[in-house]
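Q: Dropping in coords-v4.csv, which is CSV, C-alpha atoms and all ligand atoms:
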chain,number,residue,atom,x,y,z
A,1,MET,CA,-3.4,81.1,-45.4
A,2,LEU,CA,-5.9,79.4,-43.1
A,3,LYS,CA,-4.4,78.4,-39.8
A,4,ALA,CA,-0.9,78.5,-41.2
A,5,GLY,CA,0.4,78.7,-37.7
A,6,LEU,CA,-0.2,74.9,-37.4
A,7,TYR,CA,2.9,74.4,-39.6
A,8,ARG,CA,5.5,75.1,-37.1
A,9,ARG,CA,8.0,72.2,-37.7
A,10,PRO,CA,10.7,73.0,-40.2
A,11,ALA,CA,9.9,70.1,-42.6
A,12,SER,CA,6.3,71.0,-42.3
A,13,PHE,CA,7.0,74.7,-42.9
A,14,PHE,CA,9.0,73.9,-46.1
A,15,TYR,CA,6.3,71.6,-47.4
A,16,HIS,CA,3.7,74.4,-46.8
A,17,THR,CA,6.0,77.0,-48.4
A,18,LEU,CA,6.3,74.8,-51.5
A,19,TRP,CA,2.5,74.9,-51.9
A,20,GLU,CA,2.5,78.6,-51.3
A,21,ALA,CA,5.0,79.0,-54.1
A,22,ILE,CA,2.8,77.0,-56.4
A,23,ASP,CA,-0.1,79.2,-55.4
A,24,TRP,CA,1.9,82.2,-56.4
A,25,LEU,CA,2.7,80.8,-59.8
A,26,TYR,CA,-0.8,79.5,-60.4
A,27,PRO,CA,-3.4,81.5,-58.5
A,28,PRO,CA,-5.6,79.0,-56.7
A,29,TYR,CA,-9.4,78.7,-56.5
A,30,CYS,CA,-11.4,77.1,-53.7
A,31,GLY,CA,-11.9,73.4,-54.0
A,32,GLY,CA,-15.3,73.7,-52.2
A,33,CYS,CA,-17.0,76.6,-54.1
A,34,LEU,CA,-14.5,77.5,-57.0
A,35,GLN,CA,-14.1,81.1,-55.7
A,36,PRO,CA,-10.7,82.4,-56.8
A,37,GLY,CA,-8.2,83.4,-54.1
A,38,SER,CA,-7.4,80.4,-52.0
A,39,ARG,CA,-7.5,76.6,-52.2
A,40,TRP,CA,-10.0,76.4,-49.3
A,41,CYS,CA,-11.9,79.6,-48.6
A,42,GLU,CA,-13.1,80.9,-45.2
A,43,SER,CA,-16.7,80.4,-46.2
A,44,CYS,CA,-16.2,76.7,-47.1
A,45,ASN,CA,-14.2,76.4,-43.8
A,46,ALA,CA,-17.2,77.9,-42.0
A,47,ASN,CA,-19.5,75.4,-43.8
A,48,THR,CA,-17.5,72.4,-42.6
A,49,PRO,CA,-18.8,72.0,-39.1
A,50,PRO,CA,-16.8,69.6,-37.0
A,51,ILE,CA,-18.6,66.5,-35.6
A,52,ASP,CA,-19.2,67.1,-31.9
A,53,GLN,CA,-16.7,64.6,-30.5
A,54,THR,CA,-18.8,64.2,-27.3
A,55,GLN,CA,-21.8,62.9,-29.4
A,56,ILE,CA,-20.3,60.0,-31.3
A,57,CYS,CA,-20.0,56.2,-31.2
A,58,GLN,CA,-17.1,55.5,-28.9
A,59,TYR,CA,-15.8,52.7,-31.2
A,60,CYS,CA,-16.3,54.0,-34.8
A,61,GLY,CA,-16.9,57.8,-34.3
A,62,TYR,CA,-20.2,57.7,-36.1
A,63,PRO,CA,-22.4,60.7,-34.9
A,64,VAL,CA,-24.7,59.5,-32.2
A,65,ALA,CA,-26.8,61.8,-30.1
A,66,GLY,CA,-25.9,61.3,-26.5
A,67,GLY,CA,-22.8,59.2,-27.3
A,68,GLY,CA,-22.5,55.4,-26.5
A,69,LEU,CA,-22.5,53.0,-29.5
A,70,CYS,CA,-24.0,53.4,-32.9
A,71,PHE,CA,-26.6,51.1,-34.5
A,72,ARG,CA,-23.8,49.1,-36.1
A,73,CYS,CA,-21.4,48.8,-33.2
A,74,ILE,CA,-24.1,47.8,-30.7
A,75,GLU,CA,-24.4,44.6,-32.7
A,76,LEU,CA,-20.8,43.7,-32.1
A,77,SER,CA,-19.9,41.0,-29.6
A,78,ALA,CA,-16.5,42.5,-28.9
A,79,PRO,CA,-14.9,46.0,-29.4
A,80,PRO,CA,-13.6,46.4,-33.0
A,81,PRO,CA,-9.8,46.3,-33.6
A,82,VAL,CA,-9.7,50.0,-34.5
A,83,THR,CA,-10.8,53.3,-32.9
A,84,ILE,CA,-12.1,55.7,-35.6
A,85,ARG,CA,-12.6,59.4,-35.4
A,86,SER,CA,-13.8,61.7,-38.3
A,87,TYR,CA,-13.6,65.5,-38.5
A,88,THR,CA,-16.9,66.3,-40.3
A,89,THR,CA,-19.8,64.7,-42.1
A,90,TYR,CA,-19.5,63.9,-45.8
A,91,GLN,CA,-21.7,66.7,-47.2
A,92,GLY,CA,-21.5,70.3,-48.4
A,93,PRO,CA,-18.2,71.8,-49.5
A,94,ILE,CA,-16.0,69.1,-48.1
A,95,ARG,CA,-17.8,66.6,-50.3
A,96,GLU,CA,-17.1,68.8,-53.3
A,97,ALA,CA,-13.5,69.1,-52.3
A,98,ILE,CA,-13.0,65.4,-51.7
A,99,HIS,CA,-14.5,64.7,-55.1
A,100,ARG,CA,-12.2,67.2,-56.7
A,101,PHE,CA,-9.0,65.8,-55.2
A,102,LYS,CA,-10.0,62.2,-55.8
A,103,TYR,CA,-11.4,62.3,-59.3
A,104,GLN,CA,-10.2,65.6,-60.8
A,105,LYS,CA,-6.5,65.5,-59.7
A,106,ASP,CA,-6.8,68.6,-57.6
A,107,ILE,CA,-4.1,67.3,-55.3
A,108,ALA,CA,-3.1,70.7,-53.8
A,109,LEU,CA,-6.3,70.5,-51.8
A,110,CYS,CA,-5.0,67.7,-49.7
A,111,GLU,CA,-2.6,70.0,-47.8
A,112,SER,CA,-5.4,72.5,-47.0
A,113,LEU,CA,-7.7,69.7,-45.9
A,114,ALA,CA,-5.1,67.9,-43.9
A,115,ILE,CA,-5.3,70.8,-41.3
A,116,TYR,CA,-8.5,69.2,-40.1
A,117,LEU,CA,-6.8,65.9,-39.5
A,118,ILE,CA,-4.0,67.7,-37.6
A,119,GLU,CA,-6.7,69.4,-35.4
A,120,LEU,CA,-8.4,66.1,-34.8
A,121,PHE,CA,-5.2,64.3,-33.9
A,122,ASN,CA,-4.3,67.2,-31.6
A,123,ARG,CA,-7.5,66.6,-29.8
A,124,TYR,CA,-6.9,62.9,-29.1
A,125,LYS,CA,-3.1,62.9,-28.8
A,126,TRP,CA,-2.9,59.1,-29.2
A,127,GLU,CA,0.5,57.5,-28.7
A,128,VAL,CA,1.4,56.5,-32.3
A,129,ASP,CA,4.6,54.9,-33.7
A,130,LEU,CA,3.6,54.8,-37.4
A,131,ILE,CA,1.2,56.4,-39.9
A,132,LEU,CA,-0.3,54.3,-42.6
A,133,PRO,CA,-2.4,55.8,-45.4
A,134,VAL,CA,-5.2,53.4,-46.4
A,135,PRO,CA,-3.7,51.8,-49.5
A,136,LEU,CA,-5.3,51.6,-53.0
A,137,SER,CA,-5.1,48.6,-55.2
A,138,LYS,CA,-2.4,48.7,-57.9
A,139,GLU,CA,-5.2,49.0,-60.5
A,140,ARG,CA,-6.8,52.0,-58.7
A,141,LYS,CA,-3.5,53.7,-58.1
A,142,LYS,CA,-2.5,53.4,-61.7
A,143,GLU,CA,-5.9,54.7,-62.8
A,144,ARG,CA,-5.8,57.7,-60.4
A,145,GLY,CA,-2.0,58.4,-60.5
A,146,TYR,CA,-1.8,58.9,-56.7
A,147,ASN,CA,-3.2,57.8,-53.4
A,148,GLN,CA,-5.3,60.6,-51.9
A,149,SER,CA,-4.9,59.1,-48.4
A,150,PHE,CA,-1.1,59.3,-48.6
A,151,LEU,CA,-1.4,63.0,-49.7
A,152,LEU,CA,-3.6,63.6,-46.7
A,153,ALA,CA,-1.4,61.7,-44.3
A,154,ARG,CA,1.9,63.3,-45.3
A,155,PRO,CA,1.3,66.8,-43.8
A,156,LEU,CA,0.2,65.0,-40.6
A,157,SER,CA,3.4,63.0,-40.6
A,158,LEU,CA,5.5,66.1,-41.1
A,159,HIS,CA,3.7,68.1,-38.5
A,160,PHE,CA,3.9,65.5,-35.7
A,161,MET,CA,7.3,64.1,-36.9
A,162,LEU,CA,5.9,60.6,-37.1
A,163,PRO,CA,7.1,58.1,-39.7
A,164,ILE,CA,4.8,57.2,-42.6
A,165,SER,CA,4.9,54.0,-44.5
A,166,THR,CA,3.4,53.0,-47.8
A,167,LYS,CA,4.9,49.5,-47.7
A,168,ALA,CA,3.5,48.2,-44.4
A,169,ILE,CA,0.1,47.5,-45.7
A,170,SER,CA,-1.0,46.8,-49.3
A,171,ARG,CA,-4.2,46.1,-51.0
A,172,THR,CA,-3.7,42.9,-53.0
A,173,ILE,CA,-7.3,42.5,-54.3
A,174,HIS,CA,-9.1,45.1,-56.2
A,175,THR,CA,-12.7,45.2,-54.7
A,176,ASN,CA,-15.4,47.1,-56.5
A,177,THR,CA,-17.8,49.4,-54.8
A,178,GLN,CA,-19.5,47.6,-51.9
A,179,VAL,CA,-22.6,49.8,-51.8
A,180,GLY,CA,-25.6,47.6,-51.0
A,181,LEU,CA,-23.7,45.1,-48.8
A,182,SER,CA,-24.1,45.1,-45.0
A,183,ALA,CA,-21.2,46.2,-42.9
A,184,GLN,CA,-20.5,42.6,-41.9
A,185,GLN,CA,-20.5,41.4,-45.5
A,186,ARG,CA,-18.2,44.3,-46.5
A,187,THR,CA,-15.6,43.5,-43.7
A,188,GLU,CA,-15.6,39.8,-44.7
A,189,ASN,CA,-15.2,40.7,-48.3
A,190,LEU,CA,-12.3,43.0,-47.5
A,191,THR,CA,-10.3,41.1,-45.0
A,192,GLN,CA,-8.7,39.0,-47.7
A,193,ALA,CA,-7.9,42.1,-49.7
A,194,PHE,CA,-5.1,43.4,-47.5
A,195,GLN,CA,-1.6,42.2,-46.7
A,196,ALA,CA,0.6,43.5,-43.9
A,197,GLN,CA,4.4,43.3,-43.5
A,198,PRO,CA,4.9,41.9,-40.0
A,199,SER,CA,8.5,43.3,-39.9
A,200,LEU,CA,7.2,46.8,-40.3
A,201,VAL,CA,4.1,46.7,-38.0
A,202,ALA,CA,4.8,44.2,-35.2
A,203,GLY,CA,4.6,45.8,-31.7
A,204,LYS,CA,3.6,49.2,-33.3
A,205,ARG,CA,0.8,51.6,-32.4
A,206,ILE,CA,-0.6,52.6,-35.8
A,207,LEU,CA,-2.6,55.5,-37.1
A,208,LEU,CA,-4.6,54.8,-40.3
A,209,ILE,CA,-5.6,57.8,-42.5
A,210,ASP,CA,-8.4,57.9,-45.0
A,211,ASP,CA,-10.5,60.5,-46.8
A,212,VAL,CA,-14.0,59.2,-46.1
A,213,ALA,CA,-15.3,56.4,-43.8
A,214,THR,CA,-18.6,54.9,-44.9
A,215,THR,CA,-19.4,51.8,-42.8
A,216,SER,CA,-15.8,51.6,-41.4
A,217,SER,CA,-15.5,48.1,-42.9
A,218,THR,CA,-12.4,49.0,-44.8
A,219,LEU,CA,-10.6,50.4,-41.7
A,220,THR,CA,-11.8,47.4,-39.7
A,221,ALA,CA,-10.5,44.9,-42.3
A,222,ILE,CA,-7.1,46.7,-42.4
A,223,ALA,CA,-7.0,46.7,-38.6
A,224,ARG,CA,-7.7,43.0,-38.4
A,225,THR,CA,-4.9,42.4,-40.9
A,226,LEU,CA,-2.5,44.6,-39.0
A,227,VAL,CA,-3.4,42.9,-35.6
A,228,GLY,CA,-2.8,39.6,-37.3
A,229,ALA,CA,0.7,40.8,-38.3
A,230,GLY,CA,1.4,41.7,-34.7
A,231,ALA,CA,0.5,45.4,-34.5
A,232,LYS,CA,-0.2,46.5,-30.9
A,233,GLN,CA,-3.0,49.1,-31.3
A,234,ILE,CA,-4.8,50.7,-34.2
A,235,PHE,CA,-6.4,54.1,-34.5
A,236,ALA,CA,-7.9,55.8,-37.6
A,237,LEU,CA,-8.7,59.3,-38.6
A,238,THR,CA,-10.8,60.3,-41.6
A,239,LEU,CA,-11.6,63.7,-42.9
A,240,ALA,CA,-15.2,62.9,-43.4
A,241,ARG,CA,-17.8,60.5,-42.3
A,242,SER,CA,-20.6,59.3,-44.6
A,243,VAL,CA,-23.9,59.4,-42.6
A,244,LEU,CA,-27.0,57.5,-43.5
A,245,GLN,CA,-30.1,59.5,-44.5
A,246,SER,CA,-32.6,59.2,-41.7
A,247,HIS,CA,-35.7,57.1,-42.3
A,248,THR,CA,-34.6,55.1,-45.3
A,249,HIS,CA,-31.1,54.2,-44.0
A,250,GLN,CA,-30.0,54.5,-47.6
A,251,GLU,CA,-26.3,55.2,-48.0
A,252,VAL,CA,-25.1,58.2,-49.9
A,253,GLN,CA,-24.0,56.3,-52.9
A,254,GLN,CA,-21.9,58.9,-54.7
A,255,ASN,CA,-18.2,59.0,-54.3
A,256,THR,CA,-17.8,56.0,-52.1
A,257,GLN,CA,-15.1,54.4,-54.3
A,258,PRO,CA,-11.9,53.7,-52.3
B,301,ZN,ZN,-15.0,77.9,-50.9
B,302,ZN,ZN,-20.0,52.7,-34.1
Could you take the file, read its structure, and then write that structure out as C-alpha cells?
Ligand SMILES: [Zn+2]
Ligand SMILES: [Zn+2]

A:
Amino acid sequence: MLKAGLYRRPASFFYHTLWEAIDWLYPPYCGGCLQPGSRWCESCNANTPPIDQTQICQYCGYPVAGGGLCFRCIELSAPPPVTIRSYTTYQGPIREAIHRFKYQKDIALCESLAIYLIELFNRYKWEVDLILPVPLSKERKKERGYNQSFLLARPLSLHFMLPISTKAISRTIHTNTQVGLSAQQRTENLTQAFQAQPSLVAGKRILLIDDVATTSSTLTAIARTLVGAGAKQIFALTLARSVLQSHTHQEVQQNTQP
C-alpha cells in the first residue's frame, strides 16, 4: 500500500488494516484511472504533483509564481481569518477521484487520499487543538449519505491523535452553487450559513479540512463564524485547489458543489 508507513499510531493502524481487509474481500480499482489492483495507483500518484509550497499566496495558498499574495488576497484590507494550504491543483486523476468519492459513493478512496493531507500537515506542523471537517447542510448530507470532508479528516485525526468534532460547526442554510459570484459576494452569502458552538471552540486552535477550495470563501466564512465564537486561530487544509484558467479567469465549473 502506498506510503503505508505513515500509519504508525495504533488507532491509525487498525483503521488502515480495516480498509486493507475490505480490499481483500473486494479487490479494489484505482479511483483515478479505474485500473484494478489498488484504490490509488502509483501512476495516479505520480500524476498528482504537489503545489510548490514556496510559490503560493501566503494567506490562501493559491499558486502564485514567486509567492506573495494572490490576485484576490491583494485586495483585502486585513489578513483573512484563516491560513489555507492545499496539496495539489484540482485537475487530472485527483479530480476524477474527488468526483468518485463525492458523487459515486466511493468512500474507500478517502483514506488513500488523506495521505496527502497528512503529508501537508507534517510540513506545516501547526499547533492545533481540534480538527473540524467542513460541514454539509442537512439536506446535502441526507442526499449524499456522508460528509466527504469528515471521511478525509478522520485518518488525519487518528494519525496525529487530534480530536475531531462534527458538532462544533454546522451549516444551517443550504446554499446552492455559487459559481459566477465574486469571492466577496460568496463570503457574504455564506457567513450567515454557519453556526458555531462557543463551548466547543472558544480559545481553540482549529484545523478545517475540505476536499476542494475554490475561491476560499467557504473556509473564510467558517473561520469568521469560529472567530466570532471565540476560536483563537484557524488553519485549513484542502486536498485540491481549483485554479482559474488563465486569460479568461473563468472558473472550472464542474464539481464545485460543497
Ligand atoms: Zn490510477
Ligand atoms: Zn490568496

Q: Residues within 8 Å of ligand ZN 302 (chain B), counting all atoms listed in the file: report them as a list of chain:residue names.

A: A:Ile56, A:Cys57, A:Gln58, A:Tyr59, A:Cys60, A:Gly61, A:Tyr62, A:Leu69, A:Cys70, A:Phe71, A:Arg72, A:Cys73, A:Ile74

Q: Identify which of the residues A:Arg39, A:Lys141, A:Lys105, A:His16 lies closest to ligand ZN 301 (chain B), counting all atoms listed in the file when measuring atom-to-atom distances.

A: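 Closest to ligand ZN 301 (chain B), using all atoms listed in the file: A:Arg39.
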
Q: If I take atom CA of Tyr26 of chain A and atom CA of Phe160 of chain A, how far is one from the other in Å, to one decimal?

A: 28.8 Å

Q: Taking (-0.5, 66.2, -45.3) as a centre in this file's frame and 9 Å as the limit, can you find every polymer residue with an atom that close, using only C-alpha atoms, and give them as a list in words?

A: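 Those within range, by chain then number, are Ser12, Tyr15, Cys110, Glu111, Ser112, Leu113, Ala114, Ile115, Leu117, Ile118, Ser149, Phe150, Leu151, Leu152, Ala153, Arg154, Pro155, Leu156, Ser157, Leu158 and His159 of chain A.
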
Q: With only C-alpha atoms as the basis for distance, which of A:Cys41, A:Ile84, A:Ala231, A:Ile107 is at the shortest distance from Ile22 of chain A?

A: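 Ranked by minimum distance to Ile22 of chain A, first place goes to A:Ile107.
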
Q: Would you mind listing the residues within 12 Å of ligand ZN 301 (chain B), counting all atoms listed in the file, as a list of chain:residue names?

A: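 Counting only what the definition allows, namely all atoms listed in the file, the set is A:Pro28, A:Tyr29, A:Cys30, A:Gly31, A:Gly32, A:Cys33, A:Leu34, A:Gln35, A:Pro36, A:Gly37, A:Ser38, A:Arg39, A:Trp40, A:Cys41, A:Glu42, A:Ser43, A:Cys44, A:Asn45, A:Ala46, A:Asn47, A:Thr48, A:Gly92, A:Pro93, A:Ile94, A:Arg95, A:Glu96, A:Ala97, A:Leu109, A:Ser112.
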
Q: Please measure the separation of atom CA of Ile234 of chain A and atom CA of Pro163 of chain A, giving the value in Å to one decimal.

A: 15.1 Å

Q: In terms of the shortest atom-to-atom distance over only C-alpha atoms, which of A:Met161, A:Asp210, A:Phe121, A:Ala221 is closest to Asn147 of chain A?

A: A:Asp210
